[in-house]
Each structure stands twice: as structure tokens, then as C-alpha cells.
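Pasted below: data34.tsv, TSV, C-alpha atoms.
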```tsv
chain	number	residue	atom	x	y	z
A	1	MET	CA	-91.81	141.52	-1.18
A	2	ILE	CA	-91.88	141.22	2.58
A	3	ARG	CA	-95.44	142.41	2.61
A	4	THR	CA	-96.50	139.81	0.08
A	5	MET	CA	-95.01	137.01	2.17
A	6	ASN	CA	-96.74	138.34	5.23
A	7	ILE	CA	-100.07	138.07	3.41
A	8	ARG	CA	-99.52	134.53	2.03
A	9	LEU	CA	-98.35	133.02	5.33
A	10	PRO	CA	-101.62	133.61	7.20
A	11	LEU	CA	-103.50	132.13	4.23
A	12	PHE	CA	-101.35	128.98	4.25
A	13	LEU	CA	-101.76	128.52	7.97
A	14	SER	CA	-105.51	128.98	7.68
A	15	ALA	CA	-105.74	126.25	5.03
A	16	ALA	CA	-103.69	123.88	7.16
A	17	PHE	CA	-105.91	124.47	10.17
A	18	MET	CA	-109.01	123.84	8.07
A	19	LEU	CA	-107.61	120.46	6.85
A	20	LEU	CA	-106.83	119.45	10.42
A	21	ALA	CA	-110.29	120.49	11.48
A	22	VAL	CA	-111.87	118.26	8.83
A	23	CYS	CA	-109.69	115.22	9.47
A	24	GLY	CA	-109.34	115.66	13.17
A	25	PRO	CA	-106.16	114.72	14.94
A	26	VAL	CA	-104.37	112.31	12.58
A	27	ARG	CA	-101.15	110.35	12.51
A	28	ALA	CA	-99.30	108.59	9.70
A	29	ASP	CA	-96.06	107.53	11.34
A	30	THR	CA	-97.18	104.33	13.09
A	31	ASN	CA	-97.93	102.03	10.12
A	32	ASP	CA	-95.86	100.73	7.26
A	33	HIS	CA	-98.16	102.05	4.58
A	34	ALA	CA	-98.36	105.64	5.85
A	35	VAL	CA	-102.12	105.38	6.12
A	36	VAL	CA	-103.46	108.46	7.88
A	37	GLU	CA	-105.32	107.47	11.04
A	38	ASP	CA	-107.28	109.45	13.56
A	39	LYS	CA	-106.59	109.42	17.29
A	40	ARG	CA	-108.71	106.30	17.72
A	41	GLY	CA	-106.66	104.37	15.14
A	42	GLY	CA	-109.32	104.53	12.43
A	43	VAL	CA	-108.37	105.09	8.80
A	44	VAL	CA	-109.04	108.61	7.57
A	45	TYR	CA	-111.01	108.91	4.31
A	46	ASN	CA	-111.31	111.92	2.08
A	47	THR	CA	-114.56	113.32	0.74
A	48	THR	CA	-114.51	110.89	-2.22
A	49	GLY	CA	-114.31	107.85	0.09
A	50	ASN	CA	-110.62	107.04	-0.47
A	51	CYS	CA	-107.93	106.40	2.13
A	52	VAL	CA	-105.68	109.27	2.99
A	53	ARG	CA	-102.02	108.24	3.21
A	54	THR	CA	-98.55	109.36	2.30
A	55	ARG	CA	-97.39	106.35	0.27
A	56	TRP	CA	-98.76	103.32	-1.54
A	57	MET	CA	-98.00	99.62	-0.80
A	58	ASP	CA	-100.33	96.71	-1.53
A	59	ALA	CA	-98.99	93.86	0.62
A	60	GLY	CA	-100.94	93.69	3.86
A	61	ASN	CA	-102.42	97.09	3.19
A	62	PRO	CA	-105.91	97.60	4.68
A	63	CYS	CA	-106.62	100.28	2.06
A	64	ALA	CA	-105.51	98.21	-0.95
A	65	PRO	CA	-108.26	97.03	-3.33
A	66	GLN	CA	-109.62	93.67	-2.20
A	67	GLN	CA	-109.29	90.94	-4.83
A	68	ALA	CA	-111.97	88.29	-5.14
A	69	PRO	CA	-110.79	84.84	-3.91
A	70	PRO	CA	-110.50	82.13	-6.57
A	71	PRO	CA	-113.64	80.01	-7.01
A	72	PRO	CA	-113.59	76.65	-5.25
A	73	PRO	CA	-112.85	73.61	-7.45
A	74	GLN	CA	-115.71	71.56	-8.83
A	75	GLN	CA	-116.63	68.45	-6.88
A	76	VAL	CA	-116.70	65.08	-8.61
A	77	VAL	CA	-119.64	63.00	-7.40
A	78	VAL	CA	-119.92	59.37	-8.52
A	79	VAL	CA	-123.55	58.59	-9.27
A	80	GLN	CA	-124.18	54.90	-8.56
A	81	PRO	CA	-127.23	53.61	-10.44
A	82	PRO	CA	-129.64	51.34	-8.59
A	83	PRO	CA	-128.95	47.61	-8.90
A	84	PRO	CA	-130.93	45.77	-11.55
A	85	PRO	CA	-133.66	43.35	-10.52
A	86	PRO	CA	-132.54	39.76	-9.91
A	87	VAL	CA	-132.54	37.32	-12.79
A	88	LYS	CA	-134.64	34.29	-11.86
A	89	HIS	CA	-134.41	30.73	-13.11
A	90	THR	CA	-137.08	29.31	-15.36
A	91	VAL	CA	-139.47	27.70	-12.91
A	92	ILE	CA	-141.47	24.64	-13.99
A	93	SER	CA	-143.77	23.15	-11.38
A	94	GLU	CA	-143.61	19.49	-10.30
A	95	GLU	CA	-147.06	18.91	-11.74
A	96	ALA	CA	-146.04	20.28	-15.15
A	97	ARG	CA	-142.97	18.02	-15.18
A	98	THR	CA	-144.76	14.78	-14.33
A	99	VAL	CA	-146.92	12.61	-16.62
A	100	TYR	CA	-148.87	9.48	-15.60
A	101	PHE	CA	-149.59	6.17	-17.31
A	102	PRO	CA	-152.44	3.69	-17.13
A	103	PHE	CA	-151.91	0.43	-15.28
A	104	ASN	CA	-149.42	-1.84	-17.06
A	105	LYS	CA	-149.16	0.52	-20.06
A	106	THR	CA	-146.23	2.41	-21.64
A	107	GLY	CA	-148.07	4.51	-24.21
A	108	LEU	CA	-148.75	8.21	-23.68
A	109	THR	CA	-152.30	9.33	-23.08
A	110	THR	CA	-153.81	12.35	-24.83
A	111	GLN	CA	-153.50	14.35	-21.63
A	112	ALA	CA	-149.83	13.36	-21.25
A	113	LYS	CA	-149.08	14.44	-24.84
A	114	GLU	CA	-150.69	17.85	-24.34
A	115	GLN	CA	-148.70	18.30	-21.16
A	116	LEU	CA	-145.44	17.34	-22.90
A	117	ASP	CA	-146.19	19.75	-25.77
A	118	THR	CA	-146.24	22.62	-23.29
A	119	LEU	CA	-143.16	21.32	-21.52
A	120	ALA	CA	-141.19	21.00	-24.76
A	121	SER	CA	-142.05	24.60	-25.70
A	122	THR	CA	-140.88	25.85	-22.29
A	123	LEU	CA	-137.64	23.88	-22.44
A	124	LYS	CA	-136.78	25.18	-25.91
A	125	SER	CA	-137.24	28.82	-24.89
A	126	ALA	CA	-135.33	28.55	-21.58
A	127	ASN	CA	-131.68	29.59	-21.80
A	128	ASP	CA	-130.78	28.68	-18.23
A	129	ILE	CA	-131.69	24.96	-18.33
A	130	ALA	CA	-128.72	22.70	-19.04
A	131	ALA	CA	-130.51	19.34	-18.97
A	132	ALA	CA	-133.90	17.68	-18.64
A	133	LYS	CA	-133.38	14.19	-17.26
A	134	VAL	CA	-136.21	11.69	-17.75
A	135	VAL	CA	-136.94	9.31	-14.87
A	136	GLY	CA	-139.47	6.46	-15.28
A	137	ALA	CA	-141.23	4.62	-12.46
A	138	ALA	CA	-143.81	1.88	-11.88
A	139	ASP	CA	-146.13	0.80	-9.10
A	140	ARG	CA	-145.44	-2.11	-6.73
A	141	ILE	CA	-147.73	-4.59	-8.40
A	142	GLY	CA	-145.62	-7.21	-10.20
A	143	GLY	CA	-142.04	-8.36	-10.04
A	144	VAL	CA	-138.92	-6.16	-9.84
A	145	LYS	CA	-137.58	-7.01	-13.30
A	146	TYR	CA	-140.94	-6.56	-14.95
A	147	ASN	CA	-141.46	-3.16	-13.33
A	148	ASP	CA	-137.93	-2.06	-14.18
A	149	LYS	CA	-138.60	-2.80	-17.83
A	150	LEU	CA	-141.98	-1.11	-17.64
A	151	SER	CA	-140.52	2.07	-16.17
A	152	GLU	CA	-137.70	2.04	-18.75
A	153	LYS	CA	-140.15	1.98	-21.65
A	154	ARG	CA	-142.18	4.78	-20.09
A	155	ALA	CA	-139.07	6.97	-19.75
A	156	GLU	CA	-138.08	6.29	-23.36
A	157	ALA	CA	-141.58	7.14	-24.56
A	158	VAL	CA	-141.38	10.59	-22.89
A	159	ARG	CA	-137.83	11.18	-24.13
A	160	ASP	CA	-138.74	10.35	-27.73
A	161	TYR	CA	-141.82	12.57	-27.59
A	162	LEU	CA	-139.83	15.60	-26.35
A	163	ILE	CA	-137.23	15.10	-29.09
A	164	ALA	CA	-139.99	14.79	-31.70
A	165	ARG	CA	-141.38	18.12	-30.49
A	166	GLY	CA	-138.07	19.90	-31.12
A	167	TYR	CA	-136.34	19.72	-27.75
A	168	THR	CA	-133.04	18.28	-28.94
A	169	ASN	CA	-130.84	18.96	-25.94
A	170	ALA	CA	-128.46	16.03	-25.69
A	171	SER	CA	-129.13	15.71	-21.98
A	172	VAL	CA	-132.74	14.75	-22.62
A	173	THR	CA	-131.45	11.39	-23.86
A	174	LYS	CA	-130.29	10.65	-20.32
A	175	THR	CA	-133.06	8.46	-19.05
A	176	ARG	CA	-133.19	6.25	-16.01
A	177	TRP	CA	-135.79	4.08	-14.40
A	178	VAL	CA	-136.44	3.18	-10.81
A	179	GLY	CA	-139.14	0.54	-11.21
A	180	LYS	CA	-141.08	0.22	-8.00
A	181	SER	CA	-138.16	1.23	-5.76
A	182	GLU	CA	-139.26	4.84	-5.28
A	183	PRO	CA	-142.99	4.89	-4.56
A	184	VAL	CA	-144.77	8.13	-3.72
A	185	THR	CA	-148.01	6.48	-2.56
A	186	SER	CA	-148.90	4.73	0.72
A	187	CYS	CA	-151.73	2.37	-0.10
A	188	SER	CA	-152.89	-0.37	2.20
A	189	LYS	CA	-152.14	-3.96	1.18
A	190	LYS	CA	-155.64	-4.96	2.24
A	191	LEU	CA	-157.31	-2.97	-0.54
A	192	PRO	CA	-159.07	-4.92	-3.29
A	193	HIS	CA	-157.10	-5.12	-6.54
A	194	LYS	CA	-159.20	-2.54	-8.40
A	195	LYS	CA	-159.01	-0.03	-5.59
A	196	LEU	CA	-155.28	-0.75	-5.12
A	197	VAL	CA	-154.60	-0.05	-8.79
A	198	ALA	CA	-156.43	3.28	-8.49
A	199	CYS	CA	-154.57	4.14	-5.29
A	200	LEU	CA	-151.17	3.42	-6.87
A	201	GLN	CA	-151.76	5.75	-9.84
A	202	GLY	CA	-149.13	8.21	-8.57
A	203	ASP	CA	-146.38	5.59	-8.88
A	204	ARG	CA	-147.02	4.95	-12.60
A	205	ARG	CA	-145.25	8.07	-13.74
A	206	VAL	CA	-142.37	9.71	-15.59
A	207	HIS	CA	-140.77	12.70	-13.90
A	208	ILE	CA	-138.56	15.32	-15.60
A	209	GLU	CA	-135.64	16.54	-13.47
A	210	MET	CA	-134.34	20.05	-14.28
A	211	VAL	CA	-130.60	20.83	-14.24
A	212	TYR	CA	-129.69	24.52	-14.46
A	213	LYS	CA	-126.54	25.96	-15.96
A	214	LYS	CA	-123.87	26.84	-13.42
A	215	GLU	CA	-122.83	30.03	-15.20
A	216	VAL	CA	-126.31	31.53	-14.91
A	217	ILE	CA	-126.11	34.26	-12.31
A	218	THR	CA	-128.92	35.19	-9.97
A	219	GLN	CA	-128.43	38.91	-10.49
A	220	ALA	CA	-127.31	40.87	-13.52
A	221	PRO	CA	-124.16	43.01	-13.09
A	222	PRO	CA	-124.91	46.66	-12.33
A	223	PRO	CA	-124.05	49.27	-14.96
A	224	PRO	CA	-120.82	51.19	-14.37
A	225	ALA	CA	-120.92	54.25	-12.16
A	226	VAL	CA	-120.86	57.58	-13.99
A	227	PRO	CA	-118.78	60.48	-12.57
A	228	VAL	CA	-120.64	63.76	-12.66
A	229	LEU	CA	-119.15	67.22	-12.16
A	230	VAL	CA	-121.16	69.10	-9.59
A	231	PRO	CA	-120.56	72.88	-9.43
A	232	ALA	CA	-119.39	74.12	-6.07
A	233	PRO	CA	-121.90	76.16	-4.04
A	234	ALA	CA	-122.01	79.76	-5.13
A	235	THR	CA	-120.32	82.17	-2.75
A	236	SER	CA	-120.31	85.93	-2.65
A	237	THR	CA	-117.03	86.94	-4.26
A	238	ALA	CA	-117.99	90.37	-5.51
A	239	SER	CA	-115.11	92.80	-5.44
A	240	PRO	CA	-115.63	96.24	-3.96
A	241	PRO	CA	-116.29	98.88	-6.57
A	242	ALA	CA	-113.23	100.47	-8.03
A	243	SER	CA	-112.38	103.69	-6.32
A	244	MET	CA	-110.32	106.63	-7.25
A	245	PRO	CA	-106.61	106.61	-6.40
A	246	PRO	CA	-106.00	107.50	-2.77
A	247	ALA	CA	-105.20	111.00	-1.85
A	248	ILE	CA	-101.57	111.56	-1.03
A	249	VAL	CA	-100.69	114.04	1.68
A	250	PRO	CA	-97.19	114.96	2.71
A	251	PRO	CA	-95.99	113.42	5.96
A	252	ARG	CA	-95.95	115.62	9.00
```
What is this file in C-alpha cells?
Amino acid sequence: MIRTMNIRLPLFLSAAFMLLAVCGPVRADTNDHAVVEDKRGGVVYNTTGNCVRTRWMDAGNPCAPQQAPPPPPQQVVVVQPPPPPPVKHTVISEEARTVYFPFNKTGLTTQAKEQLDTLASTLKSANDIAAAKVVGAADRIGGVKYNDKLSEKRAEAVRDYLIARGYTNASVTKTRWVGKSEPVTSCSKKLPHKKLVACLQGDRRVHIEMVYKKEVITQAPPPPAVPVLVPAPATSTASPPASMPPAIVPPR
């Protein structure tokens, strides 16, 4: 029996020395997790790549398996669409809204009727025009009362023609006349009568004044913004490959 023990003891000591030779000088009494460290403080690994230690604790353990951090939350980005183009008023030129009359006449010429046909069509299709006021005028030749009456009849002739062509807006019935009080010409008094009549042609007119609706906006409202979920930038969250359970060695 004594001889057998004498044989086993040298074998046990030889195995211990071989383990120390592989691991080098190690210590496991200076950390809470009993991780075996070499003399430089580095963690000792076995031949399978696992930490060598005497006990297992995860919290704050440098040898515990590293868990992947949770993915960052998705970002909500509000996509604002571009503003719509501005909504413009129906534009009718001064020339298109003015008709002229022969000297001392109240009847519409063929040219005036064609012009009013186009104007009536435009007025009927425009949704932003609240009123079309008819204003009659006359030249300076003749008395004030006579020219007032002349300009009144001219305004009524234009009003009635627009209504007959389907423009039935109640505001078109609002006519007024200015007689010779608002001339647009500047003709010399020394001109002969025939030349003066020709020069004053611009005063023998009916002008249509446009009144736009107040509720018509100059720009359409933009469409509502649409929130869009944008994935967070991808980050490397790969976990280290699973390893075998650490080797446990008895404390020294």
C-alpha cells in the first residue's frame, strides 16, 4: 500500500507541474468571479478558447457571454409635401372689357357684339368673379344732361346683351354712367369737328369693372404632412459565437 502511494504521488505532482507550465504563473484570488489570470493580469484560456476560472457569475463578468444590445427605436420623419402652385384670378384685359360706340349712338356695333360674346363666355366660366359692373361714358361734345342720358343707354345696352348671352349674375344689372365727366382723351379744342369726333372716340365707351370674390384664396392649402417610419441605421450587433462552458479548476 505504501509503495502504491509512493508511485501515484510523483505522477500527480508531474501533472500539476505540466498544467502550470502550460498556463504559466496564474492567480484566481484577486477577482470576484475567480477568473484565472496570468502574472500580467490577462485572462487565461484553455485549449478550446474558454476562460479558466473557479466559479461562475454573470454580472460584470468579463468572461460572460456578451448579449447583443437592443436595436435602436425607429425614427418618425414627417414628410412635408411641396406647396401647391398659387391659384390665380381670372384675368381679363382692359381692352377685352371695353366696347366703343359711334358718335351720338347707343346701339352695339358688330365688333362690340363679338367682343361681348367672348366676354360673356369668360364671365360664365369664372368662379372667382363676384360681379361685373357696367359703366357707360360719353364724349364732351354736347350738354351734361344729354351725355348722361347717352352714357346711361349705352351701359344698359351692354348689360342687356350680356344677360341675353347667359351671364345672369345679379351684379351685372348694376350699371352706372359718368357722361362726359371721366374722359380718357386729351384732344385740342381747336380741331375741326370731324377730326375732334375721331379724336374723342375713346370717350364713347362702356367699361366692365371686375369684382372678385373675397373668399377666393391666392394659394391652395397644402396637403397634410404624412409621418413615415424610417428604420434606424443598421449597426453591428452580432453576438460572439457560443462557446463551450468554461473550464472549472479548483482554487489554489
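Separating CA of Glu156 (chain A) from CA of Val206 (chain A) is a distance of 9.5 Å.
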As JSON, numbers by chain, please: the residues near region 163-165 of chain A (cut-off 9 Å, only C-alpha atoms, same-chain neighbours under 3 positions excluded). {"A": [116, 117, 120, 121, 158, 159, 160, 168, 169, 172, 173]}
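Picture a line from CA of Lys180 (chain A) to CA of Tyr146 (chain A); it runs 9.7 Å.
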Would you compute the distance between CA of Glu94 (chain A) and CA of Glu209 (chain A)? Give it in Å to one decimal.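 Pair CA of Glu94 (chain A) / CA of Glu209 (chain A) returns 9.1 Å.
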Residue nearest Val99 (chain A) - candidates A:Pro183, A:Gly136, A:Gly41, A:Gly143, atoms counted: only C-alpha atoms: A:Gly136
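Neighbouring residues of Val134 (chain A) at 6 Å or closer, counting only C-alpha atoms and skipping chain neighbours under 3 positions away, are Ala155, Thr175 and Ile208 of chain A.
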As lines of an AutoDock Vina configuration file: centre and edge lengths in Å, one decimal, of the axis-aligned box holding region 201-205 of chain A with 3 Å per side:
```
center_x = -148.5
center_y = 6.6
center_z = -11.2
size_x = 12.5
size_y = 9.3
size_z = 11.2
```
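Distance annotation: of A:Ser151, A:Ser188, A:Gln74, A:Asn50, the residue with the minimal separation from Thr106 (chain A) is A:Ser151; atom set is all atoms listed in the file.
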For each of A:Ala112, A:Ala130, A:Leu119, A:Ala138, take the minimum atom-to-atom distance to Val178 (chain A), counting only C-alpha atoms, then give the residue where this is smallest.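 The closest residue to Val178 (chain A) is A:Ala138.
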Please determine, counting all atoms listed in the file, which residue among A:Tyr212, A:Trp177, A:Tyr45, A:Tyr167 has the shortest atom-to-atom distance to Glu152 (chain A). A:Trp177
